[in-house]
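Data file: model13.pdb. Format and content: PDB, C-alpha atoms, pLDDT in the B column.
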ATOM      1  CA  MET A1271     -36.336 -38.663  -7.442  1.00 46.00           C
ATOM      2  CA  SER A1272     -38.572 -40.619  -9.818  1.00 53.00           C
ATOM      3  CA  MET A1273     -37.820 -44.280 -10.305  1.00 59.00           C
ATOM      4  CA  GLN A1274     -38.478 -45.860 -13.674  1.00 63.00           C
ATOM      5  CA  PRO A1275     -37.926 -49.602 -13.171  1.00 62.00           C
ATOM      6  CA  ASN A1276     -39.601 -50.539 -16.463  1.00 72.00           C
ATOM      7  CA  ASN A1277     -37.741 -48.002 -18.594  1.00 79.00           C
ATOM      8  CA  LEU A1278     -34.574 -49.703 -19.856  1.00 82.00           C
ATOM      9  CA  LEU A1279     -33.318 -46.378 -21.245  1.00 89.00           C
ATOM     10  CA  HIS A1280     -33.540 -44.593 -17.889  1.00 86.00           C
ATOM     11  CA  GLY A1281     -30.095 -43.303 -16.921  1.00 90.00           C
ATOM     12  CA  VAL A1282     -28.486 -44.370 -20.214  1.00 92.00           C
ATOM     13  CA  LYS A1283     -26.791 -41.519 -22.057  1.00 96.00           C
ATOM     14  CA  LEU A1284     -27.256 -41.135 -25.814  1.00 97.00           C
ATOM     15  CA  GLU A1285     -23.488 -41.364 -26.269  1.00 97.00           C
ATOM     16  CA  GLN A1286     -23.447 -44.746 -24.510  1.00 97.00           C
ATOM     17  CA  ILE A1287     -26.257 -45.984 -26.772  1.00 97.00           C
ATOM     18  CA  ILE A1288     -24.357 -44.952 -29.904  1.00 98.00           C
ATOM     19  CA  LEU A1289     -21.084 -46.460 -28.682  1.00 98.00           C
ATOM     20  CA  GLU A1290     -22.706 -49.793 -27.800  1.00 97.00           C
ATOM     21  CA  LEU A1291     -24.585 -49.969 -31.094  1.00 98.00           C
ATOM     22  CA  LYS A1292     -21.410 -49.147 -33.029  1.00 98.00           C
ATOM     23  CA  GLU A1293     -19.501 -51.842 -31.136  1.00 97.00           C
ATOM     24  CA  HIS A1294     -22.235 -54.441 -31.628  1.00 97.00           C
ATOM     25  CA  TYR A1295     -23.411 -53.703 -35.194  1.00 97.00           C
ATOM     26  CA  GLY A1296     -20.920 -51.303 -36.796  1.00 97.00           C
ATOM     27  CA  TRP A1297     -21.711 -48.113 -38.704  1.00 97.00           C
ATOM     28  CA  GLU A1298     -22.546 -49.892 -41.983  1.00 97.00           C
ATOM     29  CA  TYR A1299     -25.330 -52.013 -40.487  1.00 97.00           C
ATOM     30  CA  MET A1300     -26.625 -49.090 -38.427  1.00 98.00           C
ATOM     31  CA  GLY A1301     -26.815 -46.984 -41.594  1.00 97.00           C
ATOM     32  CA  PHE A1302     -28.582 -49.802 -43.417  1.00 97.00           C
ATOM     33  CA  GLN A1303     -31.197 -50.121 -40.662  1.00 97.00           C
ATOM     34  CA  ILE A1304     -31.620 -46.374 -40.082  1.00 97.00           C
ATOM     35  CA  ASN A1305     -30.749 -44.444 -43.241  1.00 96.00           C
ATOM     36  CA  ILE A1306     -29.415 -41.205 -41.790  1.00 97.00           C
ATOM     37  CA  ARG A1307     -26.299 -39.424 -43.029  1.00 95.00           C
ATOM     38  CA  CYS A1308     -24.558 -39.426 -39.655  1.00 96.00           C
ATOM     39  CA  PHE A1309     -24.429 -43.259 -39.967  1.00 97.00           C
ATOM     40  CA  THR A1310     -23.841 -43.563 -43.721  1.00 96.00           C
ATOM     41  CA  HIS A1311     -21.474 -40.724 -44.690  1.00 96.00           C
ATOM     42  CA  ASP A1312     -18.252 -40.334 -42.686  1.00 95.00           C
ATOM     43  CA  PRO A1313     -19.888 -41.576 -39.453  1.00 97.00           C
ATOM     44  CA  SER A1314     -18.697 -40.482 -36.040  1.00 97.00           C
ATOM     45  CA  VAL A1315     -20.053 -40.466 -32.524  1.00 97.00           C
ATOM     46  CA  LYS A1316     -19.843 -36.653 -32.437  1.00 97.00           C
ATOM     47  CA  SER A1317     -21.870 -36.137 -35.638  1.00 96.00           C
ATOM     48  CA  SER A1318     -24.404 -38.742 -34.522  1.00 98.00           C
ATOM     49  CA  LEU A1319     -24.884 -37.065 -31.138  1.00 97.00           C
ATOM     50  CA  LYS A1320     -25.363 -33.668 -32.763  1.00 97.00           C
ATOM     51  CA  PHE A1321     -27.934 -34.955 -35.248  1.00 97.00           C
ATOM     52  CA  LEU A1322     -29.854 -37.230 -32.886  1.00 97.00           C
ATOM     53  CA  ARG A1323     -30.181 -34.552 -30.204  1.00 97.00           C
ATOM     54  CA  ARG A1324     -31.928 -32.307 -32.763  1.00 97.00           C
ATOM     55  CA  THR A1325     -33.986 -34.996 -34.497  1.00 97.00           C
ATOM     56  CA  PRO A1326     -36.560 -36.774 -32.295  1.00 97.00           C
ATOM     57  CA  TRP A1327     -37.780 -39.257 -34.953  1.00 97.00           C
ATOM     58  CA  ALA A1328     -34.233 -40.463 -35.620  1.00 97.00           C
ATOM     59  CA  ARG A1329     -33.384 -40.665 -31.928  1.00 97.00           C
ATOM     60  CA  SER A1330     -36.496 -42.757 -31.361  1.00 97.00           C
ATOM     61  CA  LYS A1331     -35.373 -45.221 -34.056  1.00 97.00           C
ATOM     62  CA  VAL A1332     -31.894 -45.449 -32.531  1.00 98.00           C
ATOM     63  CA  GLU A1333     -33.359 -46.059 -29.076  1.00 97.00           C
ATOM     64  CA  LYS A1334     -35.589 -48.825 -30.492  1.00 96.00           C
ATOM     65  CA  MET A1335     -32.562 -50.425 -32.152  1.00 97.00           C
ATOM     66  CA  TYR A1336     -30.700 -50.278 -28.837  1.00 97.00           C
ATOM     67  CA  LEU A1337     -33.577 -51.906 -26.939  1.00 95.00           C
ATOM     68  CA  TYR A1338     -33.780 -54.624 -29.597  1.00 96.00           C
ATOM     69  CA  MET A1339     -30.040 -55.243 -29.220  1.00 96.00           C
ATOM     70  CA  LEU A1340     -30.362 -55.514 -25.421  1.00 94.00           C
ATOM     71  CA  GLN A1341     -33.227 -57.974 -25.669  1.00 92.00           C
ATOM     72  CA  ASN A1342     -31.380 -60.187 -28.149  1.00 91.00           C
ATOM     73  CA  LYS A1343     -27.859 -60.003 -26.712  1.00 78.00           C
ATOM     74  CA  ASN A1344     -28.088 -63.103 -24.549  1.00 60.00           C
TER      75      ASN A1344
END

Just give me the structure of the file as structure tokens.
Amino acid sequence: MSMQPNNLLHGVKLEQIILELKEHYGWEYMGFQINIRCFTHDPSVKSSLKFLRRTPWARSKVEKMYLYMLQNKN
């Protein structure tokens, strides 16, 4: 088993990331920051998961937004 102590995303599921971002920022702000249809047009966790799993550049942006949120939460 590989340990990744410096990787804050290790063991965090994409669904958890989306749910926490939605709770913290809301869909409107998420769509403003990352202009993708799954955030701006009839957003849902299911549509976001489907899109982000197929779209590495968008997933990377969402992960960066999540890390930023974690760093600035306190």

Atom pair CA of Leu1278 in chain A / CA of His1311 in chain A: separation (Å): 29.5 Å

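What the PyMOL selection byres ((chain A and resi 1304) around 12) grabs from this file is Leu1291, Trp1297, Glu1298, Tyr1299, Met1300, Gly1301, Phe1302, Gln1303, Asn1305, Ile1306, Arg1307, Cys1308, Phe1309, Thr1310, Ser1318, Leu1322, Trp1327, Ala1328, Arg1329, Ser1330, Lys1331, Val1332, Glu1333, Lys1334, Met1335 and Tyr1336 of chain A.
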
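Atom pair CA of Val1315 in chain A / CA of Lys1292 in chain A: separated by 8.8 Å.
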
Around range 1300-1313 of chain A, with edges along x, y and z and 8 Å added on all six sides, what centre and edge lengths do you get, in Å to one decimal, as AutoDock Vina command-line options?
--center_x -24.9 --center_y -44.8 --center_z -41.6 --size_x 29.4 --size_y 26.7 --size_z 22.3

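Here CA of Pro1313 in chain A stands at a distance of 23.8 Å from CA of Lys1343 in chain A.
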
Range 1284-1286 of chain A: which residues within 8 Å, counting only C-alpha atoms, same-chain residues fewer than 2 positions away excluded, as a CSV table (one decimal) with C-alpha atoms, in the frame of the given file?
chain,number,residue,atom,x,y,z
A,1282,VAL,CA,-28.5,-44.4,-20.2
A,1288,ILE,CA,-24.4,-45.0,-29.9
A,1289,LEU,CA,-21.1,-46.5,-28.7
A,1290,GLU,CA,-22.7,-49.8,-27.8
A,1315,VAL,CA,-20.1,-40.5,-32.5
A,1319,LEU,CA,-24.9,-37.1,-31.1
